[in-house]
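Asks: Data file final10.txt (compact mmCIF, C-alpha atoms (C1' of nucleotides)) is appended below.
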```txt
# COMPACT_ATOMS: atom_id res chain seq x y z
CA MET A 1339 -29.53 21.30 16.57
CA SER A 1340 -30.22 24.48 18.54
CA ASP A 1341 -27.66 26.17 20.71
CA PRO A 1342 -28.16 24.73 24.18
CA VAL A 1343 -25.29 26.32 26.06
CA ILE A 1344 -24.19 29.93 25.78
CA THR A 1345 -20.92 29.92 27.67
CA ARG A 1346 -18.12 28.24 25.78
CA ILE A 1347 -14.55 28.08 26.96
CA GLY A 1348 -11.75 27.27 24.56
CA GLY A 1349 -10.91 23.62 24.50
CA MET A 1350 -14.08 22.51 26.30
CA GLY A 1351 -16.09 19.55 25.21
CA ARG A 1352 -19.03 19.58 22.88
CA TRP A 1353 -21.28 20.52 25.81
CA GLU A 1354 -20.71 22.51 28.95
CA PRO A 1355 -19.87 19.98 31.68
CA GLY A 1356 -21.82 19.64 34.91
CA ALA A 1357 -25.29 19.39 33.45
CA ARG A 1358 -26.47 17.53 36.54
CA GLU A 1359 -25.32 20.24 38.92
CA ARG A 1360 -26.73 23.02 36.77
CA LEU A 1361 -30.08 21.25 36.75
CA ALA A 1362 -30.11 20.90 40.53
CA GLU A 1363 -29.27 24.56 41.00
CA ALA A 1364 -31.79 25.75 38.42
CA ALA A 1365 -34.49 23.60 39.98
CA LEU A 1366 -33.97 24.92 43.50
CA GLU A 1367 -34.00 28.49 42.23
CA LEU A 1368 -37.19 28.01 40.24
CA PHE A 1369 -38.95 26.15 43.03
CA LEU A 1370 -38.22 29.04 45.37
CA GLU A 1371 -39.25 31.64 42.79
CA ARG A 1372 -42.48 30.11 41.47
CA GLY A 1373 -43.18 27.09 43.61
CA TYR A 1374 -42.77 23.43 42.75
CA ASP A 1375 -46.04 22.90 40.90
CA ALA A 1376 -45.73 26.02 38.81
CA THR A 1377 -42.31 24.91 37.59
CA THR A 1378 -42.17 22.49 34.70
CA VAL A 1379 -39.27 20.23 33.90
CA ALA A 1380 -38.97 22.10 30.63
CA ASP A 1381 -38.45 25.32 32.63
CA ILE A 1382 -35.69 23.74 34.66
CA ALA A 1383 -33.99 22.28 31.63
CA ALA A 1384 -34.15 25.61 29.80
CA ARG A 1385 -32.51 27.47 32.68
CA ALA A 1386 -29.80 24.83 32.89
CA GLY A 1387 -29.23 25.05 29.15
CA VAL A 1388 -30.21 21.48 28.30
CA THR A 1389 -33.29 19.71 26.99
CA GLU A 1390 -36.07 18.09 28.96
CA ARG A 1391 -34.82 14.67 27.89
CA THR A 1392 -31.47 15.32 29.49
CA PHE A 1393 -33.18 16.18 32.75
CA PHE A 1394 -34.80 12.77 32.82
CA ARG A 1395 -31.54 11.10 32.04
CA GLN A 1396 -29.95 12.76 35.06
CA TYR A 1397 -32.88 12.38 37.43
CA SER A 1398 -35.44 9.62 37.39
CA ASP A 1399 -38.25 12.08 38.06
CA LYS A 1400 -38.97 15.72 38.79
CA ARG A 1401 -38.72 15.37 42.58
CA GLU A 1402 -35.40 13.58 42.55
CA VAL A 1403 -33.55 16.73 41.54
CA LEU A 1404 -33.78 17.94 45.15
CA PHE A 1405 -32.19 14.80 46.55
CA GLY A 1406 -28.50 14.08 46.27
CA ASP A 1407 -27.04 10.64 45.86
CA PRO A 1408 -28.70 8.62 48.63
CA ALA A 1409 -25.87 6.08 48.84
CA GLU A 1410 -23.41 8.84 49.61
CA TYR A 1411 -25.65 10.36 52.24
CA ASN A 1412 -26.47 7.07 53.94
CA ALA A 1413 -22.78 6.23 54.01
CA VAL A 1414 -22.18 9.04 56.49
CA PHE A 1415 -24.33 7.11 58.92
CA THR A 1416 -23.28 3.60 58.05
CA ASP A 1417 -19.55 4.33 57.98
CA ALA A 1418 -19.81 5.80 61.46
CA VAL A 1419 -21.73 2.77 62.69
CA ALA A 1420 -19.18 0.42 61.16
CA GLY A 1421 -16.30 2.43 62.60
CA ALA A 1422 -17.59 2.51 66.18
CA PRO A 1423 -15.59 0.54 68.79
CA ALA A 1424 -16.29 -3.17 68.57
CA ASP A 1425 -17.49 -3.29 72.15
CA ALA A 1426 -19.92 -0.37 71.79
CA SER A 1427 -23.61 -1.18 72.18
CA PRO A 1428 -25.86 -0.78 69.12
CA LEU A 1429 -27.30 2.38 70.60
CA ASP A 1430 -23.83 3.80 71.22
CA ALA A 1431 -22.81 2.98 67.67
CA GLY A 1432 -25.89 4.83 66.54
CA ALA A 1433 -24.98 7.78 68.71
CA ALA A 1434 -21.61 7.87 66.99
CA ALA A 1435 -23.41 8.08 63.68
CA LEU A 1436 -25.46 11.03 64.94
CA ARG A 1437 -22.24 12.85 65.79
CA ALA A 1438 -20.80 12.07 62.37
CA VAL A 1439 -23.80 13.32 60.47
CA GLY A 1440 -23.90 16.37 62.68
CA ALA A 1441 -20.37 17.18 61.58
CA TRP A 1442 -21.31 16.53 57.95
CA PHE A 1443 -24.02 19.16 58.11
CA ALA A 1444 -21.75 21.80 59.64
CA GLY A 1445 -21.97 24.96 57.55
CA ARG A 1446 -24.88 23.70 55.48
CA HIS A 1447 -27.56 25.40 57.52
CA PRO A 1448 -28.34 28.12 54.94
CA TYR A 1449 -28.72 25.62 52.12
CA ALA A 1450 -30.72 23.24 54.32
CA ARG A 1451 -33.18 26.00 55.14
CA ARG A 1452 -33.74 26.96 51.52
CA ARG A 1453 -34.32 23.37 50.63
CA ALA A 1454 -36.53 22.72 53.65
CA ALA A 1455 -38.73 25.64 52.67
CA VAL A 1456 -39.39 24.10 49.29
CA VAL A 1457 -40.04 20.63 50.68
CA ALA A 1458 -42.33 21.93 53.41
CA ALA A 1459 -44.47 23.63 50.79
CA ASN A 1460 -45.08 20.49 48.79
CA PRO A 1461 -46.62 17.15 49.77
CA ALA A 1462 -45.06 15.30 46.86
CA LEU A 1463 -41.60 16.29 48.03
CA GLN A 1464 -42.40 15.35 51.61
CA GLU A 1465 -43.29 11.93 50.30
CA ARG A 1466 -39.93 11.50 48.73
CA GLU A 1467 -38.23 12.77 51.86
CA GLN A 1468 -40.02 10.18 53.95
CA VAL A 1469 -38.88 7.41 51.67
CA LYS A 1470 -35.32 8.56 51.95
CA ARG A 1471 -35.73 8.42 55.69
CA LEU A 1472 -37.04 4.87 55.46
CA HIS A 1473 -34.09 3.81 53.35
CA LEU A 1474 -31.75 5.46 55.80
CA THR A 1475 -33.32 3.57 58.67
CA GLU A 1476 -32.90 0.31 56.78
CA ALA A 1477 -29.29 1.14 55.96
CA ILE A 1478 -28.54 1.81 59.62
CA ALA A 1479 -30.19 -1.45 60.62
CA ALA A 1480 -28.08 -3.31 58.07
CA ALA A 1481 -24.91 -1.65 59.37
CA LEU A 1482 -25.79 -2.65 62.91
CA LEU A 1483 -26.40 -6.22 61.84
CA ALA A 1484 -23.06 -6.23 60.05
CA ARG A 1485 -21.25 -5.38 63.26
CA GLY A 1486 -22.89 -8.24 65.12
CA ALA A 1487 -26.09 -6.80 66.56
CA ALA A 1488 -29.03 -9.18 66.75
CA GLN A 1489 -32.51 -8.83 65.31
CA PRO A 1490 -34.86 -7.28 66.35
CA ALA A 1491 -32.55 -5.05 68.38
CA ALA A 1492 -30.85 -3.82 65.20
CA ALA A 1493 -34.09 -2.76 63.51
CA LEU A 1494 -35.45 -1.07 66.60
CA THR A 1495 -32.19 0.71 67.41
CA ALA A 1496 -32.09 1.96 63.85
CA GLU A 1497 -35.60 3.34 64.30
CA LEU A 1498 -34.58 5.12 67.48
CA ILE A 1499 -31.56 6.67 65.80
CA SER A 1500 -33.70 7.68 62.86
CA VAL A 1501 -36.28 9.29 65.14
CA ALA A 1502 -33.60 11.16 67.06
CA PHE A 1503 -32.04 12.45 63.86
CA HIS A 1504 -35.35 13.43 62.33
CA GLN A 1505 -36.53 15.36 65.36
CA ALA A 1506 -33.16 17.02 65.80
CA PHE A 1507 -33.09 18.03 62.16
CA VAL A 1508 -36.54 19.57 62.40
CA ARG A 1509 -35.44 21.70 65.32
CA TRP A 1510 -32.12 22.54 63.70
CA VAL A 1511 -33.73 23.79 60.52
CA ALA A 1512 -36.41 25.70 62.42
CA ALA A 1513 -33.80 27.81 64.21
CA ASP A 1514 -32.55 31.01 62.57
CA GLU A 1515 -29.00 30.48 63.74
CA GLU A 1516 -27.01 27.35 62.95
CA SER A 1517 -26.33 25.21 66.02
CA ASP A 1518 -24.47 21.90 66.37
CA LEU A 1519 -26.77 19.28 64.87
CA GLY A 1520 -24.81 16.47 66.51
CA ASP A 1521 -25.33 17.93 69.99
CA LEU A 1522 -29.01 18.34 69.26
CA ALA A 1523 -29.44 14.77 68.08
CA ILE A 1524 -27.65 13.30 71.07
CA SER A 1525 -29.82 15.42 73.29
CA VAL A 1526 -33.01 14.18 71.60
CA LEU A 1527 -31.78 10.63 72.00
CA GLY A 1528 -31.45 11.34 75.71
CA GLU A 1529 -35.02 12.61 75.84
CA LEU A 1530 -36.13 9.45 74.10
CA ARG A 1531 -34.40 7.29 76.67
CA GLY A 1532 -36.02 9.26 79.44
CA LEU A 1533 -39.45 8.69 77.95
CA ALA A 1534 -39.03 4.96 77.67
CA ARG A 1535 -38.07 4.65 81.31
CA MET B 679 -73.10 8.13 26.19
CA SER B 680 -71.80 4.56 26.24
CA ASP B 681 -73.11 1.90 28.56
CA PRO B 682 -70.93 2.16 31.63
CA VAL B 683 -72.60 -0.33 33.93
CA ILE B 684 -73.96 -3.72 32.96
CA THR B 685 -75.86 -4.77 36.05
CA ARG B 686 -79.08 -2.88 36.57
CA ILE B 687 -81.59 -3.58 39.31
CA GLY B 688 -85.08 -2.27 39.07
CA GLY B 689 -85.56 1.04 40.79
CA MET B 690 -81.85 1.81 41.01
CA GLY B 691 -80.41 5.21 40.26
CA ARG B 692 -79.03 6.36 36.99
CA TRP B 693 -75.73 4.72 37.83
CA GLU B 694 -74.82 1.68 39.84
CA PRO B 695 -73.96 2.96 43.33
CA GLY B 696 -70.64 2.33 45.02
CA ALA B 697 -68.36 3.46 42.23
CA ARG B 698 -65.64 4.20 44.75
CA GLU B 699 -65.68 0.70 46.20
CA ARG B 700 -65.81 -0.96 42.79
CA LEU B 701 -62.77 1.07 41.74
CA ALA B 702 -60.82 0.02 44.83
CA GLU B 703 -61.64 -3.62 44.29
CA ALA B 704 -60.90 -3.52 40.56
CA ALA B 705 -57.59 -1.80 41.24
CA LEU B 706 -56.41 -4.34 43.80
CA GLU B 707 -57.34 -7.20 41.47
CA LEU B 708 -55.55 -5.70 38.50
CA PHE B 709 -52.46 -4.77 40.49
CA LEU B 710 -52.19 -8.38 41.65
CA GLU B 711 -52.84 -9.76 38.16
CA ARG B 712 -50.57 -7.53 36.07
CA GLY B 713 -48.62 -5.40 38.52
CA TYR B 714 -49.04 -1.74 39.37
CA ASP B 715 -47.11 -0.23 36.48
CA ALA B 716 -48.73 -2.42 33.86
CA THR B 717 -52.18 -1.31 34.99
CA THR B 718 -53.49 1.99 33.67
CA VAL B 719 -56.18 4.04 35.32
CA ALA B 720 -58.23 3.44 32.20
CA ASP B 721 -58.00 -0.32 32.86
CA ILE B 722 -59.22 0.12 36.41
CA ALA B 723 -62.06 2.38 35.40
CA ALA B 724 -63.16 -0.03 32.68
CA ARG B 725 -63.31 -2.97 35.06
CA ALA B 726 -65.27 -0.89 37.55
CA GLY B 727 -67.66 0.20 34.81
CA VAL B 728 -66.91 3.91 34.97
CA THR B 729 -64.77 6.37 33.06
CA GLU B 730 -61.23 7.44 33.81
CA ARG B 731 -62.50 10.85 34.85
CA THR B 732 -64.66 9.32 37.56
CA PHE B 733 -61.63 7.52 38.93
CA PHE B 734 -59.87 10.83 39.44
CA ARG B 735 -62.92 12.31 41.07
CA GLN B 736 -62.93 9.51 43.61
CA TYR B 737 -59.18 9.33 44.16
CA SER B 738 -56.75 12.18 43.88
CA ASP B 739 -54.23 9.97 42.10
CA LYS B 740 -53.59 6.43 40.95
CA ARG B 741 -51.89 5.36 44.18
CA GLU B 742 -54.57 6.65 46.47
CA VAL B 743 -56.96 3.91 45.44
CA LEU B 744 -55.09 1.52 47.74
CA PHE B 745 -55.46 3.77 50.77
CA GLY B 746 -58.72 4.16 52.62
CA ASP B 747 -59.87 7.34 54.23
CA PRO B 748 -56.89 8.45 56.33
CA ALA B 749 -59.00 10.43 58.77
CA GLU B 750 -61.01 7.35 59.62
CA TYR B 751 -57.92 5.23 60.07
CA ASN B 752 -56.07 7.77 62.19
CA ALA B 753 -59.15 8.15 64.34
CA VAL B 754 -58.73 4.59 65.60
CA PHE B 755 -55.48 5.74 67.17
CA THR B 756 -56.48 9.21 68.25
CA ASP B 757 -59.81 8.18 69.77
CA ALA B 758 -58.04 5.60 71.88
CA VAL B 759 -55.46 8.16 72.98
CA ALA B 760 -58.20 10.63 73.87
CA GLY B 761 -60.17 7.98 75.71
CA ALA B 762 -57.31 6.74 77.88
CA PRO B 763 -57.57 7.45 81.64
CA ALA B 764 -56.72 11.04 82.46
CA ASP B 765 -53.90 9.99 84.77
CA ALA B 766 -52.28 7.65 82.24
CA SER B 767 -48.80 8.63 81.03
CA PRO B 768 -48.39 9.57 77.34
CA LEU B 769 -46.72 6.24 76.67
CA ASP B 770 -49.57 4.36 78.37
CA ALA B 771 -52.12 6.29 76.34
CA GLY B 772 -50.18 5.29 73.26
CA ALA B 773 -50.19 1.68 74.37
CA ALA B 774 -53.96 1.87 74.63
CA ALA B 775 -54.03 3.05 71.02
CA LEU B 776 -51.93 0.07 69.98
CA ARG B 777 -54.48 -2.26 71.58
CA ALA B 778 -57.32 -0.45 69.84
CA VAL B 779 -55.78 -0.63 66.41
CA GLY B 780 -54.90 -4.26 67.03
CA ALA B 781 -58.58 -4.97 67.57
CA TRP B 782 -59.48 -2.97 64.48
CA PHE B 783 -57.30 -5.21 62.33
CA ALA B 784 -58.78 -8.41 63.71
CA GLY B 785 -59.91 -10.59 60.82
CA ARG B 786 -58.28 -8.38 58.19
CA HIS B 787 -55.12 -10.41 57.89
CA PRO B 788 -55.95 -11.96 54.49
CA TYR B 789 -56.78 -8.59 52.95
CA ALA B 790 -53.73 -6.96 54.56
CA ARG B 791 -51.48 -9.59 53.02
CA ARG B 792 -52.85 -9.13 49.52
CA ARG B 793 -52.45 -5.41 49.81
CA ALA B 794 -48.98 -5.66 51.35
CA ALA B 795 -47.83 -7.81 48.43
CA VAL B 796 -48.79 -5.08 45.99
CA VAL B 797 -47.21 -2.31 48.02
CA ALA B 798 -44.00 -4.25 48.58
CA ALA B 799 -43.62 -4.65 44.83
CA ASN B 800 -43.79 -0.95 44.08
CA PRO B 801 -41.66 1.95 45.30
CA ALA B 802 -44.28 4.54 44.44
CA LEU B 803 -46.77 2.84 46.72
CA GLN B 804 -44.21 2.52 49.50
CA GLU B 805 -43.76 6.25 49.26
CA ARG B 806 -47.41 6.87 49.85
CA GLU B 807 -47.44 4.39 52.70
CA GLN B 808 -44.62 6.24 54.40
CA VAL B 809 -46.47 9.51 54.16
CA LYS B 810 -49.54 7.98 55.73
CA ARG B 811 -47.31 6.82 58.55
CA LEU B 812 -45.95 10.33 58.99
CA HIS B 813 -49.44 11.78 59.15
CA LEU B 814 -50.43 9.12 61.65
CA THR B 815 -47.47 10.02 63.83
CA GLU B 816 -48.46 13.67 63.70
CA ALA B 817 -52.06 12.84 64.53
CA ILE B 818 -50.98 10.82 67.56
CA ALA B 819 -48.75 13.66 68.72
CA ALA B 820 -51.65 16.09 68.40
CA ALA B 821 -53.92 13.77 70.38
CA LEU B 822 -51.31 13.52 73.13
CA LEU B 823 -50.97 17.29 73.26
CA ALA B 824 -54.73 17.60 73.48
CA ARG B 825 -54.80 15.48 76.62
CA GLY B 826 -52.19 17.63 78.31
CA ALA B 827 -48.86 16.10 77.37
CA ALA B 828 -45.99 18.54 76.93
CA GLN B 829 -43.71 19.07 73.96
CA PRO B 830 -41.33 17.48 73.07
CA ALA B 831 -42.56 14.46 75.01
CA ALA B 832 -45.70 14.28 72.89
CA ALA B 833 -43.83 14.23 69.59
CA LEU B 834 -41.30 11.69 70.76
CA THR B 835 -43.89 9.43 72.34
CA ALA B 836 -45.85 9.53 69.11
CA GLU B 837 -42.73 8.45 67.27
CA LEU B 838 -42.22 5.54 69.64
CA ILE B 839 -45.82 4.40 69.23
CA SER B 840 -45.49 4.74 65.49
CA VAL B 841 -42.31 2.68 65.44
CA ALA B 842 -43.86 -0.02 67.61
CA PHE B 843 -46.90 -0.23 65.38
CA HIS B 844 -44.88 -0.24 62.18
CA GLN B 845 -42.55 -3.01 63.33
CA ALA B 846 -45.42 -5.05 64.73
CA PHE B 847 -47.37 -4.69 61.51
CA VAL B 848 -44.40 -5.86 59.45
CA ARG B 849 -44.13 -9.00 61.55
CA TRP B 850 -47.88 -9.52 61.60
CA VAL B 851 -48.15 -9.38 57.82
CA ALA B 852 -45.09 -11.56 57.33
CA ALA B 853 -46.67 -14.43 59.29
CA ASP B 854 -48.86 -16.94 57.43
CA GLU B 855 -51.32 -17.21 60.28
CA GLU B 856 -53.11 -14.23 61.76
CA SER B 857 -52.01 -13.41 65.30
CA ASP B 858 -53.11 -10.65 67.68
CA LEU B 859 -51.62 -7.44 66.32
CA GLY B 860 -52.25 -5.62 69.59
CA ASP B 861 -50.24 -8.16 71.57
CA LEU B 862 -47.44 -7.92 69.04
CA ALA B 863 -47.31 -4.14 69.17
CA ILE B 864 -47.26 -4.03 72.96
CA SER B 865 -44.49 -6.58 72.89
CA VAL B 866 -42.44 -4.49 70.43
CA LEU B 867 -42.96 -1.45 72.62
CA GLY B 868 -41.51 -3.47 75.49
CA GLU B 869 -38.46 -4.34 73.39
CA LEU B 870 -38.04 -0.66 72.58
CA ARG B 871 -38.08 0.26 76.24
CA GLY B 872 -35.52 -2.41 76.97
CA LEU B 873 -33.22 -1.03 74.28
CA ALA B 874 -33.38 2.53 75.55
CA ARG B 875 -32.44 1.47 79.04
C1' DG C 447 -95.69 17.63 36.39
C1' DC C 448 -91.88 20.83 36.79
C1' DC C 449 -87.16 21.92 38.55
C1' DT C 450 -83.02 21.71 40.91
C1' DC C 451 -79.28 18.75 42.29
C1' DC C 452 -75.34 16.19 41.41
C1' DA C 453 -72.74 12.10 40.14
C1' DT C 454 -71.21 10.93 36.05
C1' DG C 455 -69.92 11.32 31.00
C1' DT C 456 -67.47 13.77 27.30
C1' DC C 457 -63.80 16.35 25.48
C1' DA C 458 -59.60 18.99 25.09
C1' DG C 459 -55.24 19.75 26.84
C1' DA C 460 -51.02 20.31 29.90
C1' DA C 461 -47.31 18.00 31.91
C1' DA C 462 -44.62 13.92 33.27
C1' DC C 463 -42.17 10.37 31.55
C1' DT C 464 -40.06 6.69 27.86
C1' DG C 465 -38.07 4.45 23.74
C1' DA C 466 -35.66 4.82 19.38
C1' DC C 467 -32.60 6.94 16.67
C1' DA C 468 -29.40 10.89 15.10
C1' DT C 469 -25.40 13.91 15.97
C1' DG C 470 -20.83 15.35 16.57
C1' DA C 471 -16.67 16.49 19.60
C1' DC C 472 -13.29 13.53 21.83
C1' DG C 473 -9.80 9.91 22.47
C1' DT C 474 -7.74 6.00 20.39
C1' DT C 475 -5.44 3.61 17.01
C1' DA C 476 -3.21 2.54 12.73
C1' DT D 519 -3.42 12.50 9.97
C1' DA D 520 -7.26 9.90 8.89
C1' DA D 521 -10.51 6.46 10.20
C1' DC D 522 -13.24 4.77 14.12
C1' DG D 523 -15.72 3.87 18.29
C1' DT D 524 -17.57 6.17 22.38
C1' DC D 525 -21.04 8.60 24.72
C1' DA D 526 -23.50 12.55 26.46
C1' DT D 527 -26.75 14.98 24.42
C1' DG D 528 -30.45 16.39 20.99
C1' DT D 529 -34.68 15.25 18.41
C1' DC D 530 -39.08 13.27 17.93
C1' DA D 531 -43.09 10.54 18.59
C1' DG D 532 -45.82 8.41 21.75
C1' DT D 533 -48.13 6.81 26.31
C1' DT D 534 -49.98 7.90 30.73
C1' DT D 535 -51.30 10.73 34.46
C1' DC D 536 -54.08 14.37 35.90
C1' DT D 537 -57.20 18.80 35.29
C1' DG D 538 -60.74 22.17 33.76
C1' DA D 539 -65.04 23.15 31.38
C1' DC D 540 -69.26 21.84 30.00
C1' DA D 541 -73.18 18.43 28.91
C1' DT D 542 -76.54 14.84 30.48
C1' DG D 543 -80.36 12.82 32.68
C1' DG D 544 -82.35 10.14 36.72
C1' DA D 545 -83.79 11.36 41.68
C1' DG D 546 -86.09 13.80 44.93
C1' DG D 547 -88.43 17.93 46.37
C1' DC D 548 -92.01 21.39 45.38
```
Re-express the file's structure as structure tokens.
Replies:
Amino acid sequence: MSDPVITRIGGMGRWEPGARERLAEAALELFLERGYDATTVADIAARAGVTERTFFRQYSDKREVLFGDPAEYNAVFTDAVAGAPADASPLDAGAAALRAVGAWFAGRHPYARRRAAVVAANPALQEREQVKRLHLTEAIAAALLARGAAQPAAALTAELISVAFHQAFVRWVAADEESDLGDLAISVLGELRGLAR
Amino acid sequence: MSDPVITRIGGMGRWEPGARERLAEAALELFLERGYDATTVADIAARAGVTERTFFRQYSDKREVLFGDPAEYNAVFTDAVAGAPADASPLDAGAAALRAVGAWFAGRHPYARRRAAVVAANPALQEREQVKRLHLTEAIAAALLARGAAQPAAALTAELISVAFHQAFVRWVAADEESDLGDLAISVLGELRGLAR
DNA sequence: GCCTCCATGTCAGAAACTGACATGACGTTA
DNA sequence: TAACGTCATGTCAGTTTCTGACATGGAGGC
């Protein structure tokens, strides 16, 4: 067996812990340095000090390394929806979720921009991003149903919230300076309501 | 060189024409028979009477065989947007596009259901479908801009039209009997406007 | 009748993924 | 303390997707 990890600290396990995190970091670095297509999984694994096989045990495919745990991310939305006042309308519950996710992204603007640059440069990654958005929309719809909203209002409200967040995020990432994503999203939602008048 | 095509009609070319269409048909059949994952590109090519290499010359990847020419499809929307009365609001222009695409799908319900069954059974295909939807949304936004709509109204209106179409299509495909997709979409758009009140 | 075009075939190969089995530090238990 | 099971990882062989380079031979023009 070759020597996969250089750094060893006394009393550590057989392998350096945090292989998953090292892979994610190595991948983002390499994608920015050489581009997504020019980076092989073997490259990523080598930089992280593991084998290719370990990469595929951590991430189901090459793209997935840029996407954190979706359940955790969606929960920011769904918890906020579930926690909204019982008498709030579906749209107001959704607005609460926009505020919550806005707070969650506070301080992450620099990272979000690095990541967005990689995704924007590659269609395959945009695909995955879109799917995550779809799953998010479905999760929001489910959360709205759980708090008593009716169909099809739940599905459509979820779509509106998803649109507002998506558009707000695009603008947020496009700006050089970090602004309040929650404010932006609520503002987009207002524009949306104006349009549908 | 092996014998790639069985059927030969006098005076035909060196190869049976319509390789692209045969591949699409063979692929849909095989996906329904064995499932997407259990079907290799070699299988599809064999049934269509061509080689694997020809498949990849016709379609950029295995999934693409289930998706027609996107430019042609998007044009149904964008032409209708461009052709709407000059004094129509962006949302009304979008509604006209919903009617147009509804007409385009008339009679295609049986095919749409077969195809939807395959897509629903496979995450990789859902990914591609989502991307097509994103590109459609962008195309609609561009068409609205071209007829004088302002940003961000154009982008947001495009999203609303896209949501209305998507939701209507889901319901349309779910029904056993074919209904008027245009009517459905306009109706969903009405629900959306009611929600945003 | 010759010649160019071009869709297709043929072939070799890179890269993404998967299944099966081996390894060896760690914690547990006797 | 010695045996033992656990489990993340390594190793290896194989399948499948996708690409580049070059060959082939009917069709249509000259």
Asks: What separation in Å, quoted to one decimal, exists between atom C1' of C:DC449 and atom CA of B:Glu694?
Replies: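 The value is 23.7 Å.
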Asks: With a cut-off of 9 Å and counting only C-alpha atoms (C1' of nucleotides), select all residues of chain D in contact with chain A and give the selection as a PyMOL selection string.
Replies: chain D and resi 526-529
Asks: Which residues come within 12 Å of D:DC540, counting all atoms listed in the file, excluding same-chain residues fewer than 4 positions away, as a compact mmCIF listing (two decimals) with C-alpha atoms (C1' of nucleotides), keeping the file's coordinate frame?
Replies:
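Writing done, so here's selection-v4.txt:
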```
# COMPACT_ATOMS: atom_id res chain seq x y z
C1' DG C 455 -69.92 11.32 31.00
C1' DT C 456 -67.47 13.77 27.30
C1' DC C 457 -63.80 16.35 25.48
C1' DA C 458 -59.60 18.99 25.09
```
Asks: Atom CA of B:Val719 and atom CA of B:Asp739, how far apart in Å?
Replies: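 Distance between the two atoms: 9.2 Å.
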Asks: With 3 Å added on each side, what axis-aligned box encloses every listed atom of stretch 525-535 of chain D? Give the centre and edge lengths in Å to one decimal, as JSON.
Replies:
```
{"center_x": -36.2, "center_y": 11.6, "center_z": 26.2, "size_x": 36.3, "size_y": 15.6, "size_z": 22.5}
```
Asks: Taking only residues of chain A that have an atom at most 8 Å from an atom of chain B, what is each one's shortest atom pair and its distance in Å to one decimal, using all atoms listed in the file, in chain and number order, as a Markdown table?
Replies:
```
| residue | atom | partner | partner_atom | distance |
| --- | --- | --- | --- | --- |
| A:Leu1429 | CA | B:Leu873 | CA | 7.8 |
| A:Gln1464 | CA | B:Val809 | CA | 7.6 |
| A:Glu1465 | CA | B:Val809 | CA | 5.6 |
| A:Arg1466 | CA | B:Glu805 | CA | 6.5 |
| A:Gln1468 | CA | B:Gln808 | CA | 6.1 |
| A:Val1469 | CA | B:Glu805 | CA | 5.6 |
| A:Leu1472 | CA | B:Gln808 | CA | 7.8 |
| A:Ala1491 | CA | B:Leu873 | CA | 7.2 |
| A:Leu1494 | CA | B:Leu870 | CA | 6.5 |
| A:Thr1495 | CA | B:Leu873 | CA | 7.2 |
| A:Glu1497 | CA | B:Val841 | CA | 6.8 |
| A:Leu1498 | CA | B:Leu838 | CA | 8.0 |
| A:Val1501 | CA | B:Glu837 | CA | 6.8 |
| A:Glu1529 | CA | B:Ala831 | CA | 7.8 |
| A:Leu1530 | CA | B:Leu834 | CA | 6.5 |
| A:Arg1531 | CA | B:Ala874 | CA | 5.0 |
| A:Leu1533 | CA | B:Ala831 | CA | 7.2 |
| A:Ala1534 | CA | B:Arg871 | CA | 5.0 |
| A:Arg1535 | CA | B:Arg871 | CA | 6.7 |
```
Asks: Provide the atom CA of B:Phe843 to atom CA of B:Asn800 distance in Å, to one decimal place.
Replies: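 Computing the Euclidean distance for atom CA of B:Phe843 and atom CA of B:Asn800 yields 21.5 Å.
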Asks: Give me, as a list of chain:residue names, the residues of chain C touching chain A, with the criterion being at most 10 Å (counting all atoms listed in the file).
Replies: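 The selection requested is C:DA461, C:DA462, C:DC463, C:DT464, C:DT469, C:DG470, C:DA471, C:DC472.
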Asks: What would the file look like if the residues just selected were written as a PDB file, in the coordinates of the input with C-alpha atoms (C1' of nucleotides)?
Replies:
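The resulting file, part14.pdb, is shown below:
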```pdb
ATOM      1  C1'  DA C 461     -47.310  18.000  31.910  1.00  0.00           C
ATOM      2  C1'  DA C 462     -44.620  13.920  33.270  1.00  0.00           C
ATOM      3  C1'  DC C 463     -42.170  10.370  31.550  1.00  0.00           C
ATOM      4  C1'  DT C 464     -40.060   6.690  27.860  1.00  0.00           C
ATOM      5  C1'  DT C 469     -25.400  13.910  15.970  1.00  0.00           C
ATOM      6  C1'  DG C 470     -20.830  15.350  16.570  1.00  0.00           C
ATOM      7  C1'  DA C 471     -16.670  16.490  19.600  1.00  0.00           C
ATOM      8  C1'  DC C 472     -13.290  13.530  21.830  1.00  0.00           C
TER       9       DC C 472
END
```
Asks: Which neighbours of D:DG543 fall inside 10 Å, counting only C-alpha atoms (C1' of nucleotides), when residues of the same chain fewer than 2 positions from it are skipped, and could you give them as a ChimeraX atom specification?
Replies: /B:692 /C:454 /D:541,545
Asks: Pick out the residues sitting within 12 Å of D:DC548, and hand them over as a list in words; count all atoms listed in the file, and ignore anything fewer than 2 positions along from it in its own chain.
Replies: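 These residues fall inside the cut-off: DG447, DC448, DC449 and DT450 of chain C; DG546 of chain D.
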Asks: I'd like the contact shell of B:Ala824 - 10 Å cut-off, all atoms listed in the file, skipping same-chain residues fewer than 5 positions apart - returned as an MDAnalysis selection string.
Replies: chainID B and resid 759:760 818:819 832
Asks: Extract, using only C-alpha atoms (C1' of nucleotides), all DNA, RNA and protein residues at most 12 Å from stretch 1367-1372 of chain A, discarding same-chain residues fewer than 4 positions from it, and format them as number ranges by chain.
Replies: A: 1360-1363, 1376-1386, 1400-1401, 1403-1404, 1449, 1451-1460, 1463
